[in-house]
Structure formats: C-alpha cells, structure tokens
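Everything below belongs to input-v6.cif, which stores mmCIF, N, CA and C atoms.
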```
data_model
loop_
_atom_site.label_atom_id
_atom_site.label_comp_id
_atom_site.auth_asym_id
_atom_site.auth_seq_id
_atom_site.Cartn_x
_atom_site.Cartn_y
_atom_site.Cartn_z
N MET A 1 2.38 -0.37 -8.56
CA MET A 1 3.53 -1.08 -8.03
C MET A 1 4.56 -1.24 -9.15
N ILE A 2 5.79 -1.36 -8.72
CA ILE A 2 6.88 -1.51 -9.67
C ILE A 2 7.26 -2.98 -9.74
N PHE A 3 7.30 -3.51 -10.94
CA PHE A 3 7.65 -4.91 -11.16
C PHE A 3 8.96 -4.98 -11.92
N PRO A 4 9.77 -6.01 -11.71
CA PRO A 4 9.55 -7.13 -10.80
C PRO A 4 9.74 -6.70 -9.34
N MET A 5 9.15 -7.47 -8.46
CA MET A 5 9.28 -7.23 -7.02
C MET A 5 9.35 -8.57 -6.30
N HIS A 6 9.74 -8.54 -5.04
CA HIS A 6 9.83 -9.77 -4.26
C HIS A 6 8.62 -9.90 -3.34
N VAL A 7 8.23 -11.14 -3.10
CA VAL A 7 7.26 -11.48 -2.07
C VAL A 7 7.95 -12.47 -1.13
N PHE A 8 7.44 -12.58 0.10
CA PHE A 8 8.12 -13.33 1.15
C PHE A 8 7.20 -14.36 1.79
N LYS A 9 7.81 -15.45 2.28
CA LYS A 9 7.05 -16.50 2.95
C LYS A 9 7.93 -17.15 4.01
N SER A 10 7.31 -17.58 5.09
CA SER A 10 8.03 -18.27 6.14
C SER A 10 7.29 -19.57 6.46
N PRO A 11 8.02 -20.67 6.63
CA PRO A 11 9.46 -20.83 6.60
C PRO A 11 10.01 -20.80 5.17
N GLY A 12 11.34 -20.70 5.09
CA GLY A 12 12.00 -20.64 3.79
C GLY A 12 13.47 -20.96 3.90
N GLU A 13 14.21 -20.64 2.85
CA GLU A 13 15.61 -21.04 2.78
C GLU A 13 16.59 -20.08 3.46
N TYR A 14 16.16 -18.88 3.80
CA TYR A 14 17.03 -17.92 4.48
C TYR A 14 16.71 -17.91 5.97
N ILE A 15 17.75 -17.76 6.80
CA ILE A 15 17.54 -17.82 8.25
C ILE A 15 17.74 -16.45 8.88
N GLU A 16 16.78 -16.07 9.68
CA GLU A 16 16.85 -14.86 10.48
C GLU A 16 17.53 -15.26 11.79
N HIS A 17 18.83 -15.03 11.89
CA HIS A 17 19.60 -15.53 13.03
C HIS A 17 19.14 -14.98 14.37
N LYS A 18 18.80 -13.71 14.39
CA LYS A 18 18.40 -13.09 15.66
C LYS A 18 17.16 -13.76 16.24
N ASN A 19 16.20 -14.10 15.38
CA ASN A 19 14.94 -14.67 15.86
C ASN A 19 14.82 -16.16 15.58
N VAL A 20 15.84 -16.75 14.98
CA VAL A 20 15.85 -18.16 14.61
C VAL A 20 14.60 -18.51 13.79
N LYS A 21 14.27 -17.67 12.86
CA LYS A 21 13.16 -17.92 11.95
C LYS A 21 13.72 -17.95 10.54
N SER A 22 13.01 -18.64 9.67
CA SER A 22 13.47 -18.68 8.28
C SER A 22 12.41 -18.07 7.37
N TRP A 23 12.89 -17.61 6.22
CA TRP A 23 12.00 -16.98 5.27
C TRP A 23 12.52 -17.24 3.85
N GLY A 24 11.61 -17.19 2.93
CA GLY A 24 11.96 -17.35 1.53
C GLY A 24 11.44 -16.17 0.74
N LEU A 25 11.97 -16.01 -0.45
CA LEU A 25 11.47 -14.95 -1.30
C LEU A 25 11.41 -15.45 -2.73
N LYS A 26 10.55 -14.81 -3.50
CA LYS A 26 10.49 -15.09 -4.93
C LYS A 26 10.09 -13.81 -5.64
N SER A 27 10.42 -13.75 -6.90
CA SER A 27 10.11 -12.59 -7.71
C SER A 27 8.77 -12.78 -8.40
N VAL A 28 8.01 -11.71 -8.47
CA VAL A 28 6.79 -11.69 -9.28
C VAL A 28 6.95 -10.58 -10.30
N TYR A 29 6.39 -10.79 -11.48
CA TYR A 29 6.68 -9.91 -12.60
C TYR A 29 5.49 -9.09 -13.08
N ASP A 30 4.31 -9.35 -12.53
CA ASP A 30 3.15 -8.54 -12.91
C ASP A 30 2.07 -8.67 -11.84
N GLU A 31 1.00 -7.91 -12.00
CA GLU A 31 -0.09 -7.87 -11.02
C GLU A 31 -0.74 -9.25 -10.84
N ALA A 32 -0.89 -9.99 -11.92
CA ALA A 32 -1.52 -11.31 -11.83
C ALA A 32 -0.67 -12.27 -10.98
N GLU A 33 0.65 -12.25 -11.19
CA GLU A 33 1.53 -13.10 -10.38
C GLU A 33 1.51 -12.67 -8.92
N LEU A 34 1.46 -11.37 -8.69
CA LEU A 34 1.40 -10.87 -7.31
C LEU A 34 0.11 -11.34 -6.63
N ASP A 35 -1.01 -11.19 -7.29
CA ASP A 35 -2.29 -11.62 -6.71
C ASP A 35 -2.28 -13.12 -6.40
N GLN A 36 -1.71 -13.91 -7.31
CA GLN A 36 -1.65 -15.35 -7.10
C GLN A 36 -0.74 -15.69 -5.91
N ALA A 37 0.40 -15.02 -5.82
CA ALA A 37 1.32 -15.28 -4.71
C ALA A 37 0.68 -14.91 -3.37
N LEU A 38 0.04 -13.75 -3.30
CA LEU A 38 -0.61 -13.33 -2.05
C LEU A 38 -1.72 -14.30 -1.66
N ALA A 39 -2.45 -14.81 -2.65
CA ALA A 39 -3.51 -15.78 -2.37
C ALA A 39 -2.94 -17.10 -1.87
N ASN A 40 -1.68 -17.39 -2.23
CA ASN A 40 -1.03 -18.65 -1.83
C ASN A 40 -0.16 -18.51 -0.58
N GLY A 41 -0.36 -17.44 0.19
CA GLY A 41 0.33 -17.32 1.47
C GLY A 41 1.62 -16.54 1.47
N TRP A 42 1.97 -15.89 0.38
CA TRP A 42 3.14 -15.03 0.34
C TRP A 42 2.75 -13.64 0.83
N PHE A 43 3.74 -12.86 1.29
CA PHE A 43 3.49 -11.54 1.86
C PHE A 43 4.32 -10.49 1.13
N LEU A 44 3.91 -9.23 1.26
CA LEU A 44 4.61 -8.13 0.61
C LEU A 44 5.91 -7.76 1.32
N THR A 45 6.00 -8.05 2.62
CA THR A 45 7.22 -7.72 3.37
C THR A 45 7.72 -8.93 4.15
N LYS A 46 9.01 -8.93 4.44
CA LYS A 46 9.60 -10.00 5.24
C LYS A 46 9.01 -9.99 6.65
N ALA A 47 8.78 -8.80 7.20
CA ALA A 47 8.21 -8.69 8.55
C ALA A 47 6.85 -9.36 8.63
N GLU A 48 6.03 -9.16 7.63
CA GLU A 48 4.71 -9.81 7.62
C GLU A 48 4.85 -11.32 7.51
N ALA A 49 5.80 -11.79 6.72
CA ALA A 49 6.00 -13.23 6.56
C ALA A 49 6.45 -13.87 7.86
N LEU A 50 7.35 -13.19 8.58
CA LEU A 50 7.87 -13.75 9.83
C LEU A 50 6.88 -13.65 10.98
N ASN A 51 5.99 -12.66 10.94
CA ASN A 51 5.02 -12.43 12.02
C ASN A 51 3.64 -12.15 11.45
N PRO A 52 3.04 -13.10 10.75
CA PRO A 52 1.78 -12.80 10.05
C PRO A 52 0.63 -12.40 10.96
N ASN A 53 0.64 -12.81 12.22
CA ASN A 53 -0.46 -12.47 13.12
C ASN A 53 -0.23 -11.18 13.89
N LYS A 54 0.99 -10.65 13.84
CA LYS A 54 1.32 -9.46 14.62
C LYS A 54 1.11 -8.16 13.86
N ILE A 55 1.04 -8.22 12.55
CA ILE A 55 0.92 -7.01 11.75
C ILE A 55 -0.47 -6.99 11.10
N PRO A 56 -1.40 -6.26 11.68
CA PRO A 56 -2.74 -6.24 11.10
C PRO A 56 -2.76 -5.42 9.82
N ALA A 57 -3.59 -5.82 8.91
CA ALA A 57 -3.78 -5.05 7.68
C ALA A 57 -4.76 -3.93 8.01
N ASP A 58 -4.29 -2.71 7.91
CA ASP A 58 -5.13 -1.57 8.25
C ASP A 58 -5.45 -0.80 6.98
N ASN A 59 -6.52 -1.19 6.34
CA ASN A 59 -6.94 -0.52 5.12
C ASN A 59 -8.07 0.45 5.38
N ALA A 60 -8.42 0.62 6.64
CA ALA A 60 -9.53 1.51 6.99
C ALA A 60 -9.07 2.96 6.87
N PRO A 61 -9.98 3.85 6.52
CA PRO A 61 -9.61 5.26 6.48
C PRO A 61 -9.30 5.75 7.89
N PRO A 62 -8.53 6.84 8.01
CA PRO A 62 -8.18 7.33 9.33
C PRO A 62 -9.42 7.78 10.12
N THR A 63 -9.34 7.60 11.42
CA THR A 63 -10.44 8.03 12.28
C THR A 63 -10.37 9.53 12.49
N ARG A 64 -11.43 10.10 13.00
CA ARG A 64 -11.44 11.54 13.28
C ARG A 64 -10.32 11.89 14.26
N GLN A 65 -10.14 11.05 15.28
CA GLN A 65 -9.09 11.30 16.27
C GLN A 65 -7.71 11.30 15.60
N GLU A 66 -7.45 10.35 14.72
CA GLU A 66 -6.16 10.31 14.03
C GLU A 66 -5.95 11.56 13.18
N LEU A 67 -7.00 12.01 12.51
CA LEU A 67 -6.89 13.22 11.69
C LEU A 67 -6.63 14.45 12.55
N GLU A 68 -7.32 14.54 13.69
CA GLU A 68 -7.12 15.68 14.59
C GLU A 68 -5.70 15.68 15.17
N GLU A 69 -5.17 14.50 15.51
CA GLU A 69 -3.80 14.41 16.02
C GLU A 69 -2.80 14.85 14.97
N LYS A 70 -3.01 14.41 13.73
CA LYS A 70 -2.13 14.82 12.64
C LYS A 70 -2.20 16.33 12.42
N GLN A 71 -3.41 16.89 12.48
CA GLN A 71 -3.58 18.32 12.31
C GLN A 71 -2.82 19.09 13.40
N THR A 72 -2.91 18.61 14.63
CA THR A 72 -2.21 19.25 15.74
C THR A 72 -0.71 19.20 15.52
N ARG A 73 -0.19 18.05 15.09
CA ARG A 73 1.24 17.92 14.83
C ARG A 73 1.67 18.86 13.70
N LEU A 74 0.88 18.93 12.65
CA LEU A 74 1.22 19.79 11.53
C LEU A 74 1.18 21.27 11.91
N LYS A 75 0.21 21.64 12.71
CA LYS A 75 0.11 23.03 13.14
C LYS A 75 1.32 23.44 13.95
N SER A 76 1.89 22.52 14.71
CA SER A 76 3.01 22.86 15.58
C SER A 76 4.34 22.85 14.83
N SER A 77 4.38 22.33 13.63
CA SER A 77 5.66 22.28 12.91
C SER A 77 5.84 23.53 12.06
N SER A 78 7.06 23.99 12.00
CA SER A 78 7.35 25.19 11.21
C SER A 78 7.15 24.93 9.73
N MET A 79 7.40 23.70 9.28
CA MET A 79 7.20 23.37 7.88
C MET A 79 5.73 23.50 7.52
N ALA A 80 4.87 23.06 8.41
CA ALA A 80 3.43 23.17 8.15
C ALA A 80 3.04 24.64 8.05
N GLU A 81 3.58 25.49 8.91
CA GLU A 81 3.27 26.92 8.85
C GLU A 81 3.72 27.50 7.52
N HIS A 82 4.91 27.09 7.08
CA HIS A 82 5.42 27.57 5.81
C HIS A 82 4.51 27.12 4.67
N LEU A 83 4.09 25.87 4.68
CA LEU A 83 3.21 25.36 3.65
C LEU A 83 1.86 26.06 3.65
N ILE A 84 1.34 26.28 4.86
CA ILE A 84 0.04 26.94 4.97
C ILE A 84 0.11 28.36 4.41
N ARG A 85 1.15 29.09 4.78
CA ARG A 85 1.31 30.45 4.28
C ARG A 85 1.50 30.47 2.77
N GLY A 86 2.26 29.54 2.26
CA GLY A 86 2.52 29.48 0.82
C GLY A 86 1.31 29.09 0.01
N CYS A 87 0.46 28.23 0.56
CA CYS A 87 -0.70 27.73 -0.17
C CYS A 87 -1.91 28.66 -0.04
N CYS A 88 -1.96 29.47 0.97
CA CYS A 88 -3.17 30.20 1.26
C CYS A 88 -3.02 31.70 1.03
N LYS A 89 -2.16 32.11 0.13
CA LYS A 89 -1.99 33.54 -0.15
C LYS A 89 -3.12 34.07 -0.98
#
```
Could you render the structure from this file as structure tokens?
Amino acid sequence: MIFPMHVFKSPGEYIEHKNVKSWGLKSVYDEAELDQALANGWFLTKAEALNPNKIPADNAPPTRQELEEKQTRLKSSSMAEHLIRGCCK
C-alpha cells in the first residue's frame, strides 16, 4: 500500500447529500496506523464506511465457476486471442 492514505468512518463531519449520511476521514502514515484504524472501526473506502453491512469482504479464492466464466470471456475477446498467440509461440 502507498502511504499516506485515507481511511473512512461514518458518521463524520462530511455529509453525503444524496443519501443524507455523513462520513469522516483521517490520514494514516504506515501499516501500524492502518491496522489500528481498521481495528477501531475505520474502513478503506467511503462506500464501506457508509454501508458497512452491504459490502462483504470477499477474500476467498475464486470458485471453479468464476474461473470458467472468466476463461470463457477471455476466449471470446480478441485481446485474449492476441495474448494467447503471442505467449504460446
């Protein structure tokens, strides 16, 4: 990660007018400060801070189905064909 960076928390001093929600931010300057902020309820993104229950943390590896879908999409794209031909000579 690149430091310094911002972390977000809701409620806070800034107002999201469209959703009438508020959020705050603060800067962290190293990994230790980031870990402490996350442990104290701060989030990496404003969206997570405003909707902490709506955005699940998905750290799981992709499923077989997800990999097969990606493979199908890549096979159908001309860029993928170009990459395949270039890499497999």
Selection: 9 Å around segment 4-19 of chain A, only C-alpha atoms, excl. self and same-chain fewer than 3 positions, as JSON, numbers by chain: {"A": [1, 22, 23, 24, 25, 26, 27, 28, 29, 30, 34, 37, 38, 41, 42, 43, 44, 45, 46, 47, 48, 49, 50, 51]}
Write out the residues from the selection above, keeping N, CA and C atoms, as a CSV table (one decimal), keeping the file's coordinate frame.
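Written file, selection_0.csv:
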```csv
chain,number,residue,atom,x,y,z
A,1,MET,N,2.4,-0.4,-8.6
A,1,MET,CA,3.5,-1.1,-8.0
A,1,MET,C,4.6,-1.2,-9.2
A,22,SER,N,13.0,-18.6,9.7
A,22,SER,CA,13.5,-18.7,8.3
A,22,SER,C,12.4,-18.1,7.4
A,23,TRP,N,12.9,-17.6,6.2
A,23,TRP,CA,12.0,-17.0,5.3
A,23,TRP,C,12.5,-17.2,3.8
A,24,GLY,N,11.6,-17.2,2.9
A,24,GLY,CA,12.0,-17.4,1.5
A,24,GLY,C,11.4,-16.2,0.7
A,25,LEU,N,12.0,-16.0,-0.4
A,25,LEU,CA,11.5,-15.0,-1.3
A,25,LEU,C,11.4,-15.4,-2.7
A,26,LYS,N,10.6,-14.8,-3.5
A,26,LYS,CA,10.5,-15.1,-4.9
A,26,LYS,C,10.1,-13.8,-5.6
A,27,SER,N,10.4,-13.8,-6.9
A,27,SER,CA,10.1,-12.6,-7.7
A,27,SER,C,8.8,-12.8,-8.4
A,28,VAL,N,8.0,-11.7,-8.5
A,28,VAL,CA,6.8,-11.7,-9.3
A,28,VAL,C,7.0,-10.6,-10.3
A,29,TYR,N,6.4,-10.8,-11.5
A,29,TYR,CA,6.7,-9.9,-12.6
A,29,TYR,C,5.5,-9.1,-13.1
A,30,ASP,N,4.3,-9.4,-12.5
A,30,ASP,CA,3.2,-8.5,-12.9
A,30,ASP,C,2.1,-8.7,-11.8
A,34,LEU,N,1.5,-11.4,-8.7
A,34,LEU,CA,1.4,-10.9,-7.3
A,34,LEU,C,0.1,-11.3,-6.6
A,37,ALA,N,0.4,-15.0,-5.8
A,37,ALA,CA,1.3,-15.3,-4.7
A,37,ALA,C,0.7,-14.9,-3.4
A,38,LEU,N,0.0,-13.8,-3.3
A,38,LEU,CA,-0.6,-13.3,-2.0
A,38,LEU,C,-1.7,-14.3,-1.7
A,41,GLY,N,-0.4,-17.4,0.2
A,41,GLY,CA,0.3,-17.3,1.5
A,41,GLY,C,1.6,-16.5,1.5
A,42,TRP,N,2.0,-15.9,0.4
A,42,TRP,CA,3.1,-15.0,0.3
A,42,TRP,C,2.8,-13.6,0.8
A,43,PHE,N,3.7,-12.9,1.3
A,43,PHE,CA,3.5,-11.5,1.9
A,43,PHE,C,4.3,-10.5,1.1
A,44,LEU,N,3.9,-9.2,1.3
A,44,LEU,CA,4.6,-8.1,0.6
A,44,LEU,C,5.9,-7.8,1.3
A,45,THR,N,6.0,-8.0,2.6
A,45,THR,CA,7.2,-7.7,3.4
A,45,THR,C,7.7,-8.9,4.2
A,46,LYS,N,9.0,-8.9,4.4
A,46,LYS,CA,9.6,-10.0,5.2
A,46,LYS,C,9.0,-10.0,6.6
A,47,ALA,N,8.8,-8.8,7.2
A,47,ALA,CA,8.2,-8.7,8.6
A,47,ALA,C,6.8,-9.4,8.6
A,48,GLU,N,6.0,-9.2,7.6
A,48,GLU,CA,4.7,-9.8,7.6
A,48,GLU,C,4.8,-11.3,7.5
A,49,ALA,N,5.8,-11.8,6.7
A,49,ALA,CA,6.0,-13.2,6.6
A,49,ALA,C,6.4,-13.9,7.9
A,50,LEU,N,7.4,-13.2,8.6
A,50,LEU,CA,7.9,-13.8,9.8
A,50,LEU,C,6.9,-13.6,11.0
A,51,ASN,N,6.0,-12.7,10.9
A,51,ASN,CA,5.0,-12.4,12.0
A,51,ASN,C,3.6,-12.2,11.4
```
Interatomic distance (Å, one decimal) between atom CA of Ile2 of chain A and atom CA of Ala39 of chain A: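 Taking atom CA of Ile2 of chain A as the start and atom CA of Ala39 of chain A as the end point, the length is 19.1 Å.
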Centre, x/y/z edge lengths, axis-aligned box for segment 39-48 of chain A with 8 Å per side, as JSON:
```
{"center_x": 3.0, "center_y": -13.2, "center_z": 3.0, "size_x": 29.1, "size_y": 26.9, "size_z": 27.3}
```
d(atom C of Phe3 of chain A, atom CA of Glu31 of chain A) in Å: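 So the two atoms, atom C of Phe3 of chain A and atom CA of Glu31 of chain A, lie 9.5 Å apart.
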Picked from segment 35-73 of chain A by DSSP as helix (DSSP H, G or I), as a list in words: Asp35, Gln36, Ala37, Leu38, Ala39, Lys46, Ala47, Glu48, Ala49, Leu50, Arg64, Gln65, Glu66, Leu67, Glu68, Glu69, Lys70, Gln71, Thr72 and Arg73 of chain A
Pairwise distance for atom CA of Asn40 of chain A and atom CA of Lys21 of chain A, rounded to one decimal in Å: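 Between these atoms lies a distance of 19.8 Å.
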